[in-house]
file protein-v9.cif (mmCIF, C-alpha atoms)
data_data
loop_
_atom_site.label_atom_id
_atom_site.label_comp_id
_atom_site.auth_asym_id
_atom_site.auth_seq_id
_atom_site.Cartn_x
_atom_site.Cartn_y
_atom_site.Cartn_z
CA LEU A 48 35.28 -151.84 -186.44
CA PRO A 49 36.21 -154.76 -184.17
CA ALA A 50 35.38 -158.21 -185.51
CA SER A 51 32.64 -158.69 -182.92
CA GLU A 52 30.78 -155.60 -184.15
CA VAL A 53 31.16 -156.63 -187.77
CA LEU A 54 29.74 -160.07 -187.04
CA LYS A 55 26.90 -158.50 -185.06
CA PHE A 56 26.05 -156.32 -188.07
CA ARG A 57 26.16 -159.28 -190.41
CA ASP A 58 23.93 -161.47 -188.23
CA HIS A 59 21.40 -158.68 -187.73
CA ALA A 60 21.45 -157.76 -191.42
CA PHE A 61 20.76 -161.30 -192.60
CA LYS A 62 17.90 -161.65 -190.15
CA LYS A 63 16.20 -158.35 -190.85
CA TYR A 64 17.31 -156.30 -193.81
CA PHE A 65 18.43 -158.57 -196.61
CA ALA A 66 14.81 -159.40 -197.36
CA ASP A 67 14.75 -155.96 -198.96
CA GLN A 68 16.24 -156.30 -202.43
CA SER A 69 17.27 -152.65 -202.60
CA TYR A 70 19.23 -153.03 -199.37
CA LEU A 71 20.88 -156.17 -200.69
CA GLU A 72 21.97 -154.32 -203.81
CA TYR A 73 23.28 -151.48 -201.64
CA VAL A 74 25.37 -153.84 -199.52
CA GLU A 75 26.81 -155.52 -202.58
CA ARG A 76 27.82 -152.10 -203.94
CA ARG A 77 29.37 -151.11 -200.61
CA PHE A 78 31.42 -154.31 -200.55
CA GLY A 79 32.92 -153.70 -203.95
CA GLY A 80 30.72 -156.05 -205.94
CA ASP A 81 30.82 -159.01 -203.56
CA THR A 82 27.61 -160.98 -203.70
CA LEU A 83 25.44 -161.90 -200.74
CA ALA A 84 26.92 -165.42 -200.79
CA ASP A 85 30.46 -164.00 -200.77
CA ILE A 86 29.67 -161.81 -197.75
CA ARG A 87 28.02 -164.69 -195.89
CA ASP A 88 31.12 -166.86 -196.32
CA MET A 89 33.66 -164.25 -195.24
CA SER A 90 35.56 -164.70 -192.01
CA SER A 91 35.29 -162.01 -189.34
CA HIS A 92 38.77 -160.77 -190.31
CA GLN A 93 37.79 -160.47 -193.96
CA LEU A 94 34.60 -158.64 -193.05
CA GLU A 95 36.49 -156.26 -190.80
CA ARG A 96 38.91 -155.37 -193.60
CA LYS A 97 36.02 -154.93 -196.05
CA PHE A 98 34.22 -152.58 -193.67
CA ALA A 99 37.35 -150.55 -193.06
CA ALA A 100 37.94 -150.16 -196.79
CA ALA A 101 34.31 -149.24 -197.47
CA TRP A 102 34.03 -146.54 -194.83
CA THR A 103 37.44 -144.93 -195.23
CA SER A 104 37.22 -144.66 -199.00
CA VAL A 105 36.35 -140.96 -199.01
CA GLU A 106 39.18 -139.01 -200.61
CA ARG A 107 40.43 -135.99 -198.67
CA SER A 108 39.71 -133.85 -201.73
CA THR A 109 36.04 -134.85 -201.70
CA ARG A 110 33.80 -131.87 -201.06
CA VAL A 111 31.65 -132.50 -197.98
CA TYR A 112 28.76 -130.24 -196.98
CA VAL A 113 27.64 -130.28 -193.34
CA ALA A 114 24.13 -128.84 -193.07
CA GLY A 115 23.68 -127.51 -189.56
CA ALA A 116 27.28 -126.56 -188.83
CA ASP A 117 25.96 -124.25 -186.12
CA THR A 118 24.39 -127.12 -184.13
CA LEU A 119 26.15 -129.08 -181.40
CA ILE A 120 26.74 -132.20 -183.48
CA GLY A 121 27.21 -130.37 -186.76
CA ALA A 122 29.96 -128.16 -185.29
CA ALA A 123 31.72 -131.22 -183.89
CA ILE A 124 31.57 -132.96 -187.29
CA VAL A 125 32.97 -129.91 -189.09
CA THR A 126 35.82 -129.67 -186.57
CA ALA A 127 36.67 -133.37 -186.94
CA LEU A 128 36.54 -133.36 -190.74
CA ARG A 129 38.71 -130.25 -191.05
CA ARG A 130 41.17 -131.66 -188.56
CA ASP A 131 41.48 -134.73 -190.78
CA GLY A 132 42.07 -132.64 -193.89
CA TYR A 133 38.70 -132.84 -195.68
CA ASP A 134 37.35 -130.09 -197.95
CA VAL A 135 34.37 -129.02 -195.81
CA LEU A 136 31.56 -126.65 -196.68
CA ASP A 137 29.70 -125.39 -193.62
CA GLY A 138 27.28 -123.12 -195.46
CA VAL A 139 27.54 -120.47 -192.75
CA GLY A 140 26.33 -117.16 -194.15
CA GLU A 141 25.69 -118.83 -197.50
CA VAL A 142 22.58 -120.96 -197.12
CA GLU A 143 19.43 -120.96 -194.99
CA VAL A 144 18.55 -124.64 -194.75
CA ALA A 145 14.86 -124.05 -193.98
CA ARG A 146 14.39 -121.94 -197.13
CA PRO A 147 13.92 -124.09 -200.25
CA ALA A 148 15.22 -121.50 -202.74
CA SER A 149 18.35 -120.90 -200.68
CA VAL A 150 19.04 -124.64 -200.43
CA ARG A 151 18.56 -125.13 -204.17
CA GLN A 152 20.88 -122.27 -205.09
CA PHE A 153 23.55 -123.45 -202.69
CA PHE A 154 23.59 -127.01 -204.03
CA GLN A 155 23.59 -125.92 -207.64
CA ARG A 156 26.47 -123.55 -206.95
CA GLN A 157 28.65 -125.75 -204.72
CA ARG A 158 27.68 -129.30 -205.81
CA PRO A 159 29.11 -131.20 -202.83
CA GLU A 160 29.76 -134.90 -203.37
CA HIS A 161 28.92 -135.93 -199.81
CA VAL A 162 26.38 -134.38 -197.44
CA ILE A 163 25.82 -134.68 -193.70
CA VAL A 164 22.47 -133.37 -192.47
CA ALA A 165 22.83 -132.27 -188.86
CA ALA A 166 20.45 -129.32 -189.22
CA GLY A 167 17.02 -128.86 -187.73
CA ARG A 168 15.59 -127.13 -184.72
CA SER A 169 15.49 -129.24 -181.56
CA ALA A 170 14.37 -128.70 -177.98
CA GLY A 171 14.02 -130.34 -174.61
CA ILE A 172 10.80 -131.52 -173.00
CA THR A 173 9.45 -128.01 -172.41
CA GLY A 174 10.29 -126.86 -175.93
CA ASN A 175 8.61 -129.90 -177.48
CA GLN A 176 5.48 -129.23 -175.45
CA ARG A 177 5.32 -125.55 -176.34
CA PHE A 178 6.47 -125.55 -179.99
CA PRO A 179 5.53 -128.88 -181.65
CA ALA A 180 4.42 -127.21 -184.90
CA ASP A 181 7.58 -125.13 -185.22
CA LEU A 182 9.80 -128.13 -184.59
CA MET A 183 7.96 -130.33 -187.06
CA HIS A 184 7.76 -127.67 -189.77
CA ASP A 185 11.45 -126.74 -189.54
CA ASN A 186 12.68 -130.34 -189.62
CA LEU A 187 10.35 -131.39 -192.42
CA LEU A 188 11.50 -128.48 -194.57
CA ILE A 189 15.15 -129.33 -194.01
CA ALA A 190 14.75 -133.06 -194.63
CA THR A 191 12.62 -132.52 -197.72
CA HIS A 192 14.73 -129.91 -199.45
CA VAL A 193 18.27 -130.80 -198.38
CA ILE A 194 17.87 -134.47 -199.31
CA HIS A 195 16.16 -133.69 -202.61
CA GLU A 196 18.53 -130.92 -203.65
CA ALA A 197 21.55 -133.04 -202.70
CA TRP A 198 20.31 -135.69 -205.12
CA GLN A 199 19.50 -133.10 -207.80
CA ALA A 200 23.02 -131.68 -207.54
CA GLY A 201 24.63 -135.09 -207.91
CA ALA A 202 25.65 -135.91 -204.33
CA THR A 203 26.50 -139.60 -204.10
CA ARG A 204 26.48 -140.08 -200.34
CA LEU A 205 24.33 -138.45 -197.66
CA MET A 206 24.00 -139.11 -193.94
CA PHE A 207 20.82 -137.83 -192.29
CA LEU A 208 21.03 -137.47 -188.51
CA ALA A 209 17.75 -138.40 -186.86
CA SER A 210 16.92 -138.61 -183.16
CA SER A 211 16.45 -141.26 -180.50
CA CYS A 212 12.89 -140.00 -180.03
CA SER A 213 12.17 -141.57 -183.44
CA TYR A 214 11.94 -144.87 -181.58
CA PRO A 215 8.61 -146.00 -180.09
CA LYS A 216 8.02 -144.95 -176.50
CA LEU A 217 8.08 -148.56 -175.33
CA ALA A 218 10.83 -149.83 -177.63
CA PRO A 219 12.77 -152.76 -176.15
CA GLN A 220 16.05 -151.80 -174.51
CA PRO A 221 18.68 -151.43 -175.74
CA MET A 222 17.02 -149.77 -178.72
CA ARG A 223 17.69 -151.34 -182.13
CA PRO A 224 16.94 -150.04 -185.65
CA ASP A 225 14.36 -152.77 -186.27
CA SER A 226 12.20 -151.20 -183.55
CA LEU A 227 11.55 -148.09 -185.66
CA LEU A 228 7.90 -147.71 -186.75
CA THR A 229 6.76 -150.60 -184.60
CA GLY A 230 4.75 -148.69 -181.98
CA PRO A 231 3.43 -145.35 -180.71
CA LEU A 232 5.91 -142.53 -180.15
CA GLU A 233 6.44 -140.57 -176.95
CA PRO A 234 3.59 -137.99 -177.13
CA THR A 235 5.73 -135.13 -175.84
CA SER A 236 8.10 -135.22 -178.82
CA GLN A 237 5.86 -136.93 -181.37
CA SER A 238 5.75 -134.05 -183.88
CA TYR A 239 9.53 -133.67 -183.94
CA ALA A 240 9.98 -137.44 -184.15
CA VAL A 241 7.63 -137.80 -187.13
CA ALA A 242 9.70 -135.22 -189.03
CA LYS A 243 12.87 -137.20 -188.29
CA LEU A 244 11.20 -140.44 -189.35
CA ALA A 245 10.24 -138.77 -192.61
CA GLY A 246 13.92 -138.00 -193.22
CA ILE A 247 14.88 -141.61 -192.50
CA GLN A 248 12.28 -142.88 -194.95
CA MET A 249 13.29 -140.31 -197.58
CA CYS A 250 16.83 -141.68 -197.54
CA ALA A 251 15.51 -145.21 -198.09
CA ALA A 252 13.20 -144.03 -200.88
CA TYR A 253 15.94 -142.16 -202.74
CA ASN A 254 18.21 -145.20 -202.46
CA ARG A 255 15.55 -147.43 -203.92
CA GLN A 256 14.48 -145.14 -206.74
CA HIS A 257 17.73 -143.41 -207.63
CA GLY A 258 20.47 -145.83 -206.58
CA VAL A 259 22.26 -143.34 -204.34
CA GLU A 260 23.89 -143.98 -200.98
CA PHE A 261 21.72 -141.99 -198.59
CA PHE A 262 21.33 -143.33 -195.06
CA ALA A 263 20.31 -142.25 -191.58
CA ALA A 264 22.07 -142.39 -188.24
CA ILE A 265 20.76 -141.70 -184.75
CA PRO A 266 23.33 -140.01 -182.46
CA ALA A 267 21.57 -140.81 -179.20
CA ASP A 268 22.41 -138.82 -176.05
CA GLY A 269 24.65 -136.29 -177.74
CA PHE A 270 25.83 -133.49 -175.47
CA GLY A 271 29.00 -131.49 -174.92
CA PRO A 272 30.64 -128.09 -175.44
CA GLY A 273 28.27 -125.66 -177.10
CA ASP A 274 25.12 -127.49 -176.03
CA ASP A 275 22.10 -125.76 -174.53
CA PHE A 276 22.07 -126.49 -170.80
CA SER A 277 19.21 -124.15 -169.94
CA PRO A 278 16.42 -125.56 -167.74
CA GLU A 279 13.88 -125.05 -170.54
CA ASP A 280 15.66 -126.57 -173.55
CA SER A 281 18.43 -128.84 -172.32
CA HIS A 282 18.42 -132.59 -173.00
CA VAL A 283 20.60 -133.57 -170.03
CA VAL A 284 19.13 -134.37 -166.63
#

call {"tool": "encode", "arguments": {"input": "protein-v9.cif", "output": "structure tokens"}}
result
Amino acid sequence: LPASEVLKFRDHAFKKYFADQSYLEYVERRFGGDTLADIRDMSSHQLERKFAAAWTSVERSTRVYVAGADTLIGAAIVTALRRDGYDVLDGVGEVEVARPASVRQFFQRQRPEHVIVAAGRSAGITGNQRFPADLMHDNLLIATHVIHEAWQAGATRLMFLASSCSYPKLAPQPMRPDSLLTGPLEPTSQSYAVAKLAGIQMCAAYNRQHGVEFFAAIPADGFGPGDDFSPEDSHVV
């Protein structure tokens, strides 16, 4: 990360997140035991080096499971990880992520150390209007069982991919993480968004209770090869 982005993170974190003791403890673990005071006093160059070390510390031999390898973003992640030499499990033909028993058996058999959750049915405006229950049910099942079974199987790091529709309809622009859960959602995609918000909160809850490193990311405006560009289900206008 460039120094400017690192400083931006630090300033935002001190203002918003460090009031949460569990988050403080998480940051101190990520920075190799440095205390809050140590982090506050670091120069931008020191912070940049710390960030680089923290986020490139995954050994190539680490087993990484990408749930949703058949989705647009999941397929891109699998391709990138394999290109860089990681031991990637895509679960294709081996696990049905919306079936609890299948998820449990897969995790107990494979025991991946790191997990990326890119699974979950999604749709465009028309699909969200026509199938809100299906979208919510599918994404709640995946968030609930993949996150829980990852923890049960001993995974130490998990990234849950949420959605930009998790933000309030009238969130200030550009959207920032501290806007989450501060206002009403866009009604069209509300059911899908609530399921994604549940996944975000599950990561925070497992961190707090179990001391793992589960976190969420929102890949806003993702599109590219393999996406659905049909008039009914596409996300791109």

call {"tool": "closest_residue", "arguments": {"input": "protein-v9.cif", "among": "A:Gln155, A:Ser108, A:Ser213, A:Ser281", "to": "A:Asp134", "atoms": "all atoms listed in the file"}}
result
A:Ser108

call {"tool": "closest_residue", "arguments": {"input": "protein-v9.cif", "among": "A:His184, A:His161, A:His195, A:Lys216", "to": "A:Pro234", "atoms": "only C-alpha atoms"}}
result
A:Lys216

call {"tool": "closest_residue", "arguments": {"input": "protein-v9.cif", "among": "A:His192, A:Val162, A:Asp185, A:Ser226", "to": "A:Phe262", "atoms": "only C-alpha atoms"}}
result
A:Val162

call {"tool": "atom_distance", "arguments": {"input": "protein-v9.cif", "atom1": "atom CA of A:Arg223", "atom2": "atom CA of A:Ile163"}}
result
21.9 Å

call {"tool": "atom_distance", "arguments": {"input": "protein-v9.cif", "atom1": "atom CA of A:Arg168", "atom2": "atom CA of A:Arg110"}}
result
24.9 Å

call {"tool": "residues_around", "arguments": {"input": "protein-v9.cif", "residues": "A:Leu128", "least_positions_apart": "6", "cutoff": "12 Å", "atoms": "all atoms listed in the file", "output": "CSV table (one decimal) with C-alpha atoms, keeping the file's coordinate frame"}}
result
chain,number,residue,atom,x,y,z
A,105,VAL,CA,36.4,-141.0,-199.0
A,106,GLU,CA,39.2,-139.0,-200.6
A,107,ARG,CA,40.4,-136.0,-198.7
A,108,SER,CA,39.7,-133.8,-201.7
A,109,THR,CA,36.0,-134.8,-201.7
A,110,ARG,CA,33.8,-131.9,-201.1
A,111,VAL,CA,31.6,-132.5,-198.0
A,112,TYR,CA,28.8,-130.2,-197.0
A,113,VAL,CA,27.6,-130.3,-193.3
A,116,ALA,CA,27.3,-126.6,-188.8
A,121,GLY,CA,27.2,-130.4,-186.8
A,122,ALA,CA,30.0,-128.2,-185.3
A,134,ASP,CA,37.4,-130.1,-198.0
A,135,VAL,CA,34.4,-129.0,-195.8
A,136,LEU,CA,31.6,-126.6,-196.7
A,137,ASP,CA,29.7,-125.4,-193.6
A,163,ILE,CA,25.8,-134.7,-193.7

call {"tool": "closest_residue", "arguments": {"input": "protein-v9.cif", "among": "A:Gly174, A:Pro231, A:Pro224, A:Pro179", "to": "A:Glu279", "atoms": "all atoms listed in the file"}}
result
A:Gly174

call {"tool": "atom_distance", "arguments": {"input": "protein-v9.cif", "atom1": "atom CA of A:Ala145", "atom2": "atom CA of A:Arg130"}}
result
27.9 Å
